[in-house]
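Data file: coords-v3.cif. Format and content: mmCIF, C-alpha atoms.
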data_final
#
loop_
_atom_site.label_atom_id
_atom_site.label_comp_id
_atom_site.auth_asym_id
_atom_site.auth_seq_id
_atom_site.Cartn_x
_atom_site.Cartn_y
_atom_site.Cartn_z
CA MET A 1 -50.69 -22.33 219.43
CA LYS A 2 -49.04 -18.90 219.26
CA THR A 3 -46.34 -17.72 221.66
CA ILE A 4 -45.93 -14.27 223.19
CA ASN A 5 -42.46 -13.52 224.56
CA ILE A 6 -42.07 -11.54 227.77
CA GLY A 7 -39.17 -9.52 229.10
CA LEU A 8 -39.24 -8.86 232.85
CA ALA A 9 -37.34 -5.88 234.31
CA GLY A 10 -37.16 -6.14 238.09
CA PHE A 11 -36.70 -9.48 239.86
CA GLY A 12 -37.65 -8.29 243.33
CA THR A 13 -40.66 -9.24 245.44
CA VAL A 14 -43.35 -8.69 242.80
CA GLY A 15 -41.13 -9.86 239.96
CA THR A 16 -40.55 -13.11 241.80
CA GLY A 17 -44.30 -13.49 242.23
CA VAL A 18 -44.80 -13.00 238.49
CA VAL A 19 -42.28 -15.72 237.71
CA LYS A 20 -43.99 -18.06 240.20
CA ILE A 21 -47.39 -17.54 238.56
CA LEU A 22 -46.08 -17.89 235.00
CA GLN A 23 -44.47 -21.17 236.03
CA SER A 24 -47.13 -22.66 238.31
CA GLN A 25 -50.08 -21.59 236.14
CA LYS A 26 -48.43 -22.23 232.78
CA LYS A 27 -50.89 -24.92 231.71
CA GLU A 28 -53.96 -23.07 233.01
CA LEU A 29 -52.90 -19.79 231.36
CA LYS A 30 -52.42 -21.61 228.07
CA GLU A 31 -55.88 -23.17 228.31
CA LYS A 32 -57.59 -19.92 229.33
CA THR A 33 -55.93 -17.69 226.72
CA GLY A 34 -54.99 -20.07 223.93
CA ILE A 35 -51.53 -18.48 224.06
CA VAL A 36 -48.14 -19.60 225.36
CA LEU A 37 -46.88 -16.84 227.68
CA ASN A 38 -43.14 -17.36 227.48
CA LEU A 39 -40.79 -15.60 229.89
CA LYS A 40 -37.73 -15.06 227.69
CA ARG A 41 -35.53 -12.61 229.59
CA ILE A 42 -35.14 -11.13 233.09
CA VAL A 43 -33.11 -8.01 233.86
CA ASP A 44 -32.17 -6.98 237.39
CA ILE A 45 -29.27 -5.24 239.11
CA ASP A 46 -28.83 -8.41 241.21
CA THR A 47 -28.46 -11.49 239.03
CA ASN A 48 -27.17 -13.87 241.71
CA SER A 49 -29.47 -13.85 244.76
CA ASP A 50 -31.74 -16.83 245.36
CA ARG A 51 -35.39 -15.76 244.97
CA GLY A 52 -36.81 -19.15 245.87
CA VAL A 53 -37.84 -19.94 242.30
CA LYS A 54 -36.06 -22.14 239.80
CA LEU A 55 -35.88 -20.51 236.38
CA ASP A 56 -36.34 -22.52 233.23
CA LYS A 57 -33.05 -23.11 231.43
CA SER A 58 -34.30 -21.09 228.47
CA VAL A 59 -34.71 -17.87 230.55
CA ILE A 60 -31.81 -15.45 230.08
CA ILE A 61 -30.98 -13.27 233.10
CA SER A 62 -28.74 -10.17 232.92
CA ASN A 63 -28.26 -6.71 234.41
CA ASN A 64 -28.57 -4.64 231.22
CA ILE A 65 -31.99 -3.22 230.28
CA LYS A 66 -30.90 -3.08 226.63
CA ASP A 67 -31.06 -6.88 226.61
CA ILE A 68 -34.84 -6.59 226.92
CA VAL A 69 -35.43 -3.36 225.00
CA GLU A 70 -33.42 -4.41 221.95
CA ASP A 71 -34.47 -8.07 221.83
CA LYS A 72 -36.57 -8.23 218.65
CA GLU A 73 -38.38 -11.37 219.80
CA ILE A 74 -39.82 -9.81 222.95
CA ASP A 75 -43.42 -8.64 222.57
CA ILE A 76 -44.22 -7.34 226.08
CA VAL A 77 -41.89 -5.58 228.52
CA VAL A 78 -42.89 -5.82 232.19
CA GLU A 79 -41.47 -2.95 234.27
CA LEU A 80 -41.19 -3.73 237.99
CA ILE A 81 -38.00 -1.88 238.90
CA GLY A 82 -39.79 1.07 240.52
CA GLY A 83 -38.66 4.67 240.80
CA VAL A 84 -38.83 7.13 237.94
CA THR A 85 -35.52 7.69 236.15
CA ALA A 86 -34.45 4.15 235.21
CA ALA A 87 -38.05 3.02 234.75
CA LYS A 88 -38.79 5.87 232.35
CA GLN A 89 -35.62 5.07 230.40
CA LEU A 90 -36.68 1.44 230.13
CA ILE A 91 -40.26 2.17 229.06
CA THR A 92 -39.25 4.90 226.60
CA GLY A 93 -36.74 2.53 225.01
CA ALA A 94 -39.28 -0.28 224.87
CA ILE A 95 -41.83 1.95 223.14
CA LYS A 96 -39.27 3.08 220.57
CA ASN A 97 -38.60 -0.58 219.84
CA GLY A 98 -42.27 -1.39 219.38
CA LYS A 99 -42.94 -3.29 222.59
CA HIS A 100 -46.12 -3.25 224.65
CA ILE A 101 -45.82 -2.33 228.32
CA VAL A 102 -47.04 -3.72 231.64
CA THR A 103 -46.06 -1.72 234.73
CA ALA A 104 -46.90 -1.44 238.42
CA ASN A 105 -45.19 1.94 238.71
CA LYS A 106 -47.75 4.49 239.96
CA ALA A 107 -45.08 7.12 240.67
CA LEU A 108 -43.81 7.01 237.10
CA LEU A 109 -47.32 7.16 235.65
CA SER A 110 -48.38 10.08 237.84
CA GLU A 111 -45.32 12.10 236.84
CA CYS A 112 -44.75 11.05 233.22
CA ALA A 113 -48.13 9.83 231.99
CA GLU A 114 -48.44 12.41 229.19
CA SER A 115 -45.20 11.44 227.44
CA ILE A 116 -45.63 7.69 228.01
CA PHE A 117 -49.24 7.61 226.80
CA SER A 118 -48.36 9.80 223.81
CA GLY A 119 -45.54 7.42 222.90
CA CYS A 120 -47.84 4.41 223.10
CA LYS A 121 -50.53 6.15 221.08
CA ASP A 122 -48.12 7.29 218.37
CA ASN A 123 -46.72 3.76 218.04
CA ASN A 124 -50.08 1.99 218.45
CA LEU A 125 -48.87 0.14 221.53
CA LEU A 126 -50.71 -0.91 224.66
CA ILE A 127 -49.80 -0.13 228.25
CA ASN A 128 -51.51 -1.86 231.18
CA PHE A 129 -50.97 -0.81 234.78
CA GLU A 130 -53.55 -2.62 236.91
CA ALA A 131 -50.97 -3.51 239.58
CA SER A 132 -50.18 0.18 240.17
CA VAL A 133 -53.40 0.61 242.17
CA CYS A 134 -54.67 -1.66 244.96
CA GLY A 135 -52.53 -4.71 244.21
CA GLY A 136 -54.69 -7.56 243.00
CA ILE A 137 -58.03 -5.69 243.04
CA PRO A 138 -59.11 -5.31 239.37
CA VAL A 139 -60.45 -1.78 239.77
CA LEU A 140 -58.69 -0.22 236.76
CA LYS A 141 -60.03 -2.89 234.41
CA ALA A 142 -63.49 -2.22 235.79
CA LEU A 143 -63.15 1.49 235.02
CA LYS A 144 -61.69 0.84 231.58
CA GLU A 145 -64.12 -1.86 230.47
CA GLY A 146 -66.85 -2.91 232.90
CA LEU A 147 -68.12 0.62 233.53
CA VAL A 148 -67.89 1.93 229.97
CA ALA A 149 -71.65 2.59 229.98
CA ASN A 150 -71.35 4.96 232.94
CA LYS A 151 -70.35 8.47 233.76
CA ILE A 152 -68.32 8.09 236.96
CA THR A 153 -69.73 10.62 239.39
CA SER A 154 -67.39 9.87 242.30
CA ILE A 155 -64.54 7.69 243.51
CA TYR A 156 -63.63 7.24 247.17
CA GLY A 157 -60.59 5.07 247.80
CA ILE A 158 -58.69 3.63 250.74
CA VAL A 159 -55.70 2.85 248.56
CA ASN A 160 -52.77 2.80 250.98
CA GLY A 161 -52.53 -0.19 253.31
CA THR A 162 -49.90 1.38 255.54
CA ALA A 163 -52.02 4.41 256.42
CA ASN A 164 -55.12 2.27 256.84
CA PHE A 165 -53.31 -0.13 259.17
CA ILE A 166 -52.10 2.77 261.33
CA LEU A 167 -55.53 4.38 261.56
CA THR A 168 -57.13 1.00 262.36
CA GLN A 169 -54.68 0.46 265.23
CA MET A 170 -55.44 3.93 266.56
CA SER A 171 -59.18 3.43 266.21
CA LEU A 172 -59.54 -0.07 267.66
CA TYR A 173 -56.80 -0.07 270.28
CA CYS A 174 -56.32 3.65 271.08
CA LYS A 175 -52.66 3.47 270.08
CA SER A 176 -50.72 6.65 269.47
CA PHE A 177 -49.72 7.44 265.90
CA GLU A 178 -46.10 6.63 266.76
CA ASP A 179 -46.92 3.26 268.32
CA ALA A 180 -49.25 2.31 265.47
CA LEU A 181 -46.53 3.17 262.95
CA LYS A 182 -44.00 1.00 264.81
CA GLU A 183 -46.48 -1.89 264.76
CA ALA A 184 -46.93 -1.43 261.00
CA GLN A 185 -43.16 -1.53 260.51
CA ILE A 186 -42.77 -4.65 262.65
CA LYS A 187 -45.45 -6.45 260.61
CA GLY A 188 -43.91 -5.33 257.32
CA PHE A 189 -46.75 -3.02 256.31
CA ALA A 190 -44.63 0.14 256.55
CA GLU A 191 -41.18 0.97 255.21
CA ALA A 192 -38.32 2.11 257.44
CA ASN A 193 -38.99 5.54 255.93
CA PRO A 194 -42.81 5.62 255.71
CA ALA A 195 -43.13 9.26 254.57
CA PHE A 196 -44.49 8.39 251.13
CA ASP A 197 -47.40 6.49 252.67
CA ILE A 198 -48.26 8.56 255.76
CA GLU A 199 -48.01 11.88 253.90
CA GLY A 200 -50.57 10.74 251.32
CA LYS A 201 -48.25 10.82 248.30
CA ASP A 202 -48.68 7.14 247.46
CA SER A 203 -52.46 7.56 247.58
CA ALA A 204 -52.24 10.61 245.31
CA HIS A 205 -50.23 8.68 242.72
CA LYS A 206 -52.89 5.97 242.72
CA LEU A 207 -55.70 8.52 242.47
CA ALA A 208 -53.99 9.92 239.38
CA ALA A 209 -54.29 6.51 237.68
CA LEU A 210 -57.91 6.05 238.78
CA ALA A 211 -58.95 9.50 237.58
CA THR A 212 -57.10 9.17 234.29
CA LEU A 213 -59.11 6.08 233.38
CA ALA A 214 -62.40 7.27 234.88
CA TYR A 215 -62.44 10.69 233.22
CA GLY A 216 -60.26 10.39 230.12
CA ILE A 217 -57.91 13.19 231.14
CA THR A 218 -54.24 12.87 231.98
CA VAL A 219 -53.97 13.46 235.73
CA THR A 220 -50.58 13.99 237.35
CA PHE A 221 -49.45 14.21 240.97
CA LYS A 222 -49.35 18.01 240.90
CA ASP A 223 -53.07 18.13 240.03
CA ILE A 224 -54.04 16.53 243.35
CA TYR A 225 -54.34 18.19 246.76
CA CYS A 226 -52.44 15.96 249.18
CA GLU A 227 -52.48 15.82 252.98
CA GLY A 228 -51.33 12.99 255.27
CA ILE A 229 -52.35 11.48 258.61
CA THR A 230 -49.50 12.57 260.89
CA GLU A 231 -51.63 15.09 262.80
CA ILE A 232 -54.38 12.61 263.67
CA SER A 233 -54.49 11.50 267.31
CA PRO A 234 -56.42 8.74 269.14
CA LEU A 235 -58.45 11.58 270.67
CA ASP A 236 -59.71 12.55 267.21
CA LEU A 237 -60.83 8.99 266.57
CA LYS A 238 -62.55 8.93 269.97
CA PHE A 239 -64.46 12.12 269.13
CA ALA A 240 -65.26 10.81 265.64
CA HIS A 241 -66.81 7.69 267.17
CA LYS A 242 -68.97 9.82 269.48
CA LEU A 243 -70.20 11.64 266.41
CA GLU A 244 -70.85 8.31 264.60
CA TYR A 245 -67.92 8.72 262.22
CA GLU A 246 -64.64 6.98 261.44
CA ILE A 247 -61.46 8.64 260.13
CA LYS A 248 -59.83 7.26 256.99
CA LEU A 249 -57.20 8.52 254.55
CA LEU A 250 -59.28 8.84 251.38
CA ALA A 251 -58.36 9.41 247.76
CA ILE A 252 -61.34 11.30 246.34
CA ALA A 253 -62.47 12.20 242.83
CA LYS A 254 -65.86 13.91 242.47
CA LEU A 255 -67.45 15.15 239.27
CA HIS A 256 -69.44 18.41 239.31
CA ASN A 257 -70.75 18.96 235.77
CA THR A 258 -67.51 19.90 233.96
CA ASN A 259 -65.40 20.35 237.09
CA LEU A 260 -63.51 17.68 239.01
CA ASP A 261 -62.37 17.48 242.63
CA LEU A 262 -59.11 15.58 243.11
CA ARG A 263 -57.85 15.30 246.67
CA VAL A 264 -56.21 13.04 249.24
CA HIS A 265 -56.65 13.76 252.94
CA PRO A 266 -57.92 12.34 256.23
CA THR A 267 -61.71 12.27 256.12
CA LEU A 268 -64.55 11.69 258.55
CA ILE A 269 -66.93 9.16 257.01
CA PRO A 270 -70.10 7.56 258.45
CA LYS A 271 -69.23 4.80 260.90
CA HIS A 272 -71.78 2.41 259.34
CA SER A 273 -70.33 2.70 255.80
CA ILE A 274 -68.40 -0.12 254.13
CA LEU A 275 -65.33 2.08 253.74
CA ALA A 276 -65.33 2.87 257.46
CA ASN A 277 -65.19 -0.88 258.12
CA THR A 278 -62.26 -1.50 255.78
CA LEU A 279 -59.64 -2.44 258.37
CA PHE A 280 -55.90 -2.98 258.78
CA GLU A 281 -53.89 -3.28 255.53
CA ASN A 282 -56.90 -3.88 253.27
CA ASN A 283 -57.82 -1.54 250.42
CA ALA A 284 -61.25 -0.55 249.14
CA VAL A 285 -62.51 1.64 246.31
CA TYR A 286 -66.10 2.88 246.29
CA ILE A 287 -67.25 4.01 242.83
CA ASN A 288 -70.52 5.65 241.79
CA GLY A 289 -71.66 5.40 238.18
CA ASP A 290 -74.69 7.25 236.86
CA ASN A 291 -76.28 4.03 235.57
CA VAL A 292 -74.86 1.26 237.72
CA GLY A 293 -75.04 3.13 241.03
CA PRO A 294 -72.56 2.46 243.85
CA LEU A 295 -69.98 -0.34 243.59
CA MET A 296 -67.33 -1.51 246.05
CA PHE A 297 -63.98 -3.14 245.22
CA TYR A 298 -62.27 -4.64 248.25
CA GLY A 299 -59.23 -6.81 248.99
CA LYS A 300 -55.50 -7.01 249.57
CA GLY A 301 -53.91 -3.87 248.23
CA ALA A 302 -50.30 -5.04 248.22
CA GLY A 303 -48.05 -8.07 248.66
CA MET A 304 -46.12 -10.35 246.36
CA MET A 305 -48.86 -12.61 245.03
CA PRO A 306 -51.86 -10.23 244.87
CA THR A 307 -49.78 -7.68 242.94
CA ALA A 308 -48.19 -10.35 240.74
CA SER A 309 -51.70 -11.63 239.97
CA ALA A 310 -52.60 -8.22 238.53
CA VAL A 311 -49.37 -8.08 236.51
CA VAL A 312 -49.96 -11.49 234.92
CA SER A 313 -53.57 -10.57 234.14
CA ASP A 314 -52.28 -7.48 232.33
CA ILE A 315 -49.80 -9.62 230.40
CA ALA A 316 -52.55 -12.05 229.35
CA ASP A 317 -54.83 -9.18 228.31
CA ILE A 318 -52.21 -7.60 226.05
CA ALA A 319 -51.13 -10.99 224.68
CA SER A 320 -54.71 -11.72 223.63
CA LYS A 321 -54.98 -8.38 221.87
CA ILE A 322 -51.68 -8.93 220.07
CA ILE A 323 -52.84 -12.32 218.79
CA ASN A 324 -56.19 -10.87 217.69
CA ASP A 325 -54.56 -7.82 216.09
CA ASN A 326 -56.47 -5.46 218.39
CA CYS A 327 -53.71 -3.19 219.68
CA SER A 328 -55.45 0.18 219.58
CA PHE A 329 -54.25 2.47 222.35
CA SER A 330 -56.96 5.05 221.62
CA GLN A 331 -59.80 2.56 221.93
CA SER A 332 -58.37 1.15 225.15
CA TYR A 333 -57.74 4.36 227.07
CA HIS A 334 -59.63 7.33 225.70
CA TYR A 335 -63.18 6.08 225.20
CA CYS A 336 -64.50 8.48 227.87
CA LYS A 337 -62.37 11.54 227.20
CA GLN A 338 -64.03 14.63 228.64
CA GLU A 339 -63.35 18.34 228.71
CA LEU A 340 -62.93 18.86 232.44
CA SER A 341 -61.36 21.45 234.70
CA ILE A 342 -59.81 20.49 238.03
CA ASN A 343 -61.33 22.46 240.89
CA PRO A 344 -58.96 24.50 243.05
CA MET A 345 -58.99 23.27 246.64
CA PHE A 346 -60.14 26.62 248.02
CA ALA A 347 -63.44 26.18 246.12
CA LEU A 348 -64.33 22.92 247.88
CA LYS A 349 -67.56 23.05 249.85
CA THR A 350 -68.09 20.42 252.55
CA LYS A 351 -68.53 19.90 256.29
CA TYR A 352 -65.57 20.14 258.66
CA TYR A 353 -64.46 18.72 262.00
CA LEU A 354 -62.45 21.24 264.03
CA ARG A 355 -60.48 20.20 267.13
CA ILE A 356 -59.32 23.13 269.27
CA ALA A 357 -57.29 23.08 272.50
CA THR A 358 -57.97 26.16 274.67
CA VAL A 359 -57.61 27.55 278.15
CA ASP A 360 -60.63 26.77 280.31
CA LYS A 361 -62.26 30.22 280.37
CA THR A 362 -65.86 31.28 279.82
CA TYR A 363 -65.11 33.74 277.02
CA VAL A 364 -63.28 31.24 274.80
CA LEU A 365 -66.26 29.72 273.03
CA SER A 366 -67.82 33.09 272.23
CA ASN A 367 -64.52 34.29 270.68
CA ILE A 368 -64.26 31.19 268.51
CA SER A 369 -67.92 31.32 267.51
CA LYS A 370 -67.58 34.95 266.46
CA ILE A 371 -64.60 34.20 264.21
CA LEU A 372 -66.46 31.33 262.54
CA SER A 373 -69.52 33.53 262.06
CA ASP A 374 -67.43 36.36 260.62
CA HIS A 375 -66.10 33.88 258.01
CA GLN A 376 -69.57 32.50 257.15
CA VAL A 377 -68.88 29.15 258.83
CA SER A 378 -71.95 27.83 260.64
CA ILE A 379 -71.69 25.49 263.65
CA ALA A 380 -73.74 22.27 263.39
CA SER A 381 -72.73 20.69 266.73
CA LEU A 382 -70.20 21.08 269.52
CA LEU A 383 -68.46 18.79 272.02
CA GLN A 384 -66.30 19.93 274.94
CA THR A 385 -64.20 17.82 277.29
CA GLU A 386 -63.17 18.50 280.82
CA THR A 387 -59.73 20.05 281.27
CA ASN A 388 -56.76 17.80 280.66
CA GLU A 389 -53.49 17.52 282.64
CA GLN A 390 -52.22 20.74 281.10
CA GLY A 391 -55.35 22.58 282.21
CA ASN A 392 -56.61 22.91 278.63
CA ALA A 393 -60.10 22.16 277.39
CA ILE A 394 -60.66 20.39 274.07
CA ILE A 395 -63.47 21.78 271.93
CA VAL A 396 -64.73 19.85 268.92
CA ILE A 397 -66.91 21.67 266.41
CA MET A 398 -68.77 20.13 263.47
CA THR A 399 -69.69 22.69 260.84
CA HIS A 400 -72.41 22.82 258.25
CA ASN A 401 -71.28 22.92 254.62
CA ALA A 402 -68.76 25.71 254.16
CA LEU A 403 -66.18 26.86 251.66
CA GLU A 404 -62.65 25.53 252.20
CA LYS A 405 -61.27 29.04 251.81
CA SER A 406 -63.59 30.38 254.51
CA VAL A 407 -62.84 27.55 256.92
CA MET A 408 -59.06 27.82 256.49
CA ASN A 409 -59.16 31.60 256.95
CA ALA A 410 -61.21 31.10 260.12
CA VAL A 411 -58.74 28.48 261.37
CA GLN A 412 -55.86 30.90 260.84
CA ALA A 413 -57.69 33.55 262.84
CA ILE A 414 -58.51 31.11 265.66
CA ASN A 415 -54.87 30.01 265.81
CA LYS A 416 -53.92 33.61 266.63
CA LEU A 417 -56.13 33.77 269.73
CA SER A 418 -54.10 33.85 272.93
CA CYS A 419 -56.55 31.42 274.54
CA VAL A 420 -55.84 28.74 271.91
CA LYS A 421 -53.05 26.28 272.70
CA GLY A 422 -51.53 24.61 269.66
CA LYS A 423 -52.83 24.59 266.11
CA VAL A 424 -56.45 23.88 265.26
CA LEU A 425 -56.92 20.55 263.48
CA ALA A 426 -59.39 20.66 260.59
CA ILE A 427 -60.63 17.42 259.00
CA ARG A 428 -63.04 17.33 256.08
CA VAL A 429 -66.26 15.28 256.22
CA GLU A 430 -67.88 13.13 253.52
CA ASP A 431 -71.39 11.86 254.30
CA ASN A 432 -72.59 10.44 250.97
CA MET A 433 -71.30 6.88 251.01
#
Output the file's structure as structure tokens, nothing else.
Amino acid sequence: MKTINIGLAGFGTVGTGVVKILQSQKKELKEKTGIVLNLKRIVDIDTNSDRGVKLDKSVIISNNIKDIVEDKEIDIVVELIGGVTAAKQLITGAIKNGKHIVTANKALLSECAESIFSGCKDNNLLINFEASVCGGIPVLKALKEGLVANKITSIYGIVNGTANFILTQMSLYCKSFEDALKEAQIKGFAEANPAFDIEGKDSAHKLAALATLAYGITVTFKDIYCEGITEISPLDLKFAHKLEYEIKLLAIAKLHNTNLDLRVHPTLIPKHSILANTLFENNAVYINGDNVGPLMFYGKGAGMMPTASAVVSDIADIASKIINDNCSFSQSYHYCKQELSINPMFALKTKYYLRIATVDKTYVLSNISKILSDHQVSIASLLQTETNEQGNAIIVIMTHNALEKSVMNAVQAINKLSCVKGKVLAIRVEDNM
């Protein structure tokens, strides 16, 4: 039975999970793959802390990435150190030394995919990154292999558990954004500094990986429109429910002939849809293929063991290809390469939810309606509350399909009205799911 040697960089939460699986499932992995997956080296800045796992005596642990990169016996380097600078240095060095890569680093891939993929292609090496998106949910493998017979027409993803937990708390229990965030931090679903999650950046990094595999183009963070959830209030969720919608932070890719929408933002979606009922820290990705139709991938999007499960699956996949002499980067990642242009955000055409706080005067609605009409934005429905403690009325308008550019220009004009108190909140609507 052949042996594949593994070098693990990063012995943190996920790295510990990987070691646990390689140890506890050693016999089963050998039987399933016909290969001995041997953890040979571990590199981490901290070589002394107790991770709750007992390493085999044969495993060498150090704090120098060269120990992995330059070890001629190591076949696969697993990068779990996170960040960009050190991780890129590790992966670049590993590629130069002819080693295949497994990584969970969505930030690195979304910023440096072109150079990393080119390096792998030039050296006929494989790189797997299932754990970079949605933890243990095998959505990337589905795009890469299971859906090869399909043109992917759209992807809608709830891919950040922190944001989804916050919005669920606000929706179910009418908590403020601030209180919902505190609850997420207490339960360990949000970092002390949650900006990356609540501003949508984490979701955008994951969308880059999804779109790269779905459409055969190299998508980076800068290609994606990104907007977070910090402006959403419990009042917006209350209005959404009245309109039979839910609000979720969605990562969206939509194909229009040879053009592609790529965007992350809060979105009103039908209350009865499966995505709308994806609650708390769970993740879900809803994919439409031209032949298979709609598919849903659902589960835990983060955590030690779900993410480690994806990492070990990637290791086993590459190990099998090494043994069978099937290490073709081009066949693995560019089977669906297309000539596509990324649509500018201003060209988006969809429905919009507009929440406007105004003085309680009779002329207000006519002024707002005129501005929308002047910008070719048609009103589909309207809700108005009684005045609040500040004496302001809240007007909620649902539009028909309109151009993003037109809507945003109208919003700017409405914001300048003296009768409007505070900025207008505009949320995009997606009905087809």
Can you list what the PyMOL selection byres ((chain A and resi 391-395) around 9) grabs from this structure, as a PyMOL selection string? chain A and resi 354-361+365+382-390+396-397+420-421
With a distance cut-off of 12 Å and all atoms listed in the file, select the neighbouring residues of Lys141 in chain A, excluding the residue or stretch itself and same-chain residues fewer than 5 positions from it, and output the selection as a VMD selection string. chain A and resid 128 to 134 136 146 to 148 209 to 210 213 to 214 297 310 313 to 314 317 332 to 333
From CA of Ala276 in chain A to CA of Tyr353 in chain A the spacing works out at 16.5 Å
Enumerate, as an NGL selection string, the residues matched when the PyMOL selection byres ((chain A and resi 257-259) around 12) is run on the file above. :A and (151-154 or 215 or 217 or 253-256 or 260-262 or 337-345 or 347-348)
Output check: residues returned by the PyMOL selection byres ((chain A and resi 6-23) around 6), as JSON, numbers by chain: {"A": [5, 24, 25, 26, 38, 39, 40, 41, 42, 43, 44, 68, 74, 76, 77, 78, 79, 80, 81, 304, 305, 308]}
Judged by only C-alpha atoms, the minimum distance to Ser49 in chain A among A:Ile61, A:Leu250, A:Ile287, A:Met170 is found for A:Ile61
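Closest approach to Pro294 in chain A among A:Leu237, A:Ala163, A:Ile269, A:Tyr156 is made by A:Tyr156 (distances from all atoms listed in the file).
Closest approach to Ile232 in chain A among A:Gln185, A:Ser171, A:Asn291, A:Thr162: A:Ser171, based on all atoms listed in the file.
Comparing the minimum interatomic distances between Lys416 in chain A and each of A:Thr399, A:Thr218, A:Asn367, A:Asn48, counting only C-alpha atoms, we find that A:Asn367 sits nearest.
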Go through A:Val159, A:Ala192, A:Leu235, A:Ala319 one by one, measure the shortest atom-to-atom distance of each to Gly34 in chain A using all atoms listed in the file, and give the residue with the smallest value. A:Ala319
To test the calculation: enclose all listed atoms of range 416-427 of chain A in a box whose edges run along x, y and z, add 4 Å on each side, then state centre and edge lengths in Å to one decimal, as JSON.
{"center_x": -56.1, "center_y": 25.6, "center_z": 266.8, "size_x": 17.1, "size_y": 24.4, "size_z": 23.5}
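Between Arg263 in chain A and the residues A:Ala284, A:Val312, A:Val219, A:Leu243, the shortest atom-to-atom distance, using all atoms listed in the file, involves A:Val219.
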Within 10 Å of Ile318 in chain A using all atoms listed in the file, minus same-chain residues under 2 positions, as an mmCIF file with C-alpha atoms, keeping the file's coordinate frame:
data_model
loop_
_atom_site.group_PDB
_atom_site.id
_atom_site.type_symbol
_atom_site.label_atom_id
_atom_site.label_comp_id
_atom_site.auth_asym_id
_atom_site.auth_seq_id
_atom_site.Cartn_x
_atom_site.Cartn_y
_atom_site.Cartn_z
ATOM 1 C CA ILE A 4 -45.930 -14.270 223.190
ATOM 2 C CA ASP A 75 -43.420 -8.640 222.570
ATOM 3 C CA ILE A 76 -44.220 -7.340 226.080
ATOM 4 C CA HIS A 100 -46.120 -3.250 224.650
ATOM 5 C CA ILE A 101 -45.820 -2.330 228.320
ATOM 6 C CA VAL A 102 -47.040 -3.720 231.640
ATOM 7 C CA LEU A 125 -48.870 0.140 221.530
ATOM 8 C CA LEU A 126 -50.710 -0.910 224.660
ATOM 9 C CA ILE A 127 -49.800 -0.130 228.250
ATOM 10 C CA ASN A 128 -51.510 -1.860 231.180
ATOM 11 C CA VAL A 312 -49.960 -11.490 234.920
ATOM 12 C CA SER A 313 -53.570 -10.570 234.140
ATOM 13 C CA ASP A 314 -52.280 -7.480 232.330
ATOM 14 C CA ILE A 315 -49.800 -9.620 230.400
ATOM 15 C CA ALA A 316 -52.550 -12.050 229.350
ATOM 16 C CA SER A 320 -54.710 -11.720 223.630
ATOM 17 C CA LYS A 321 -54.980 -8.380 221.870
ATOM 18 C CA ILE A 322 -51.680 -8.930 220.070
ATOM 19 C CA ILE A 323 -52.840 -12.320 218.790
ATOM 20 C CA ASN A 324 -56.190 -10.870 217.690
ATOM 21 C CA ASN A 326 -56.470 -5.460 218.390
ATOM 22 C CA CYS A 327 -53.710 -3.190 219.680
#
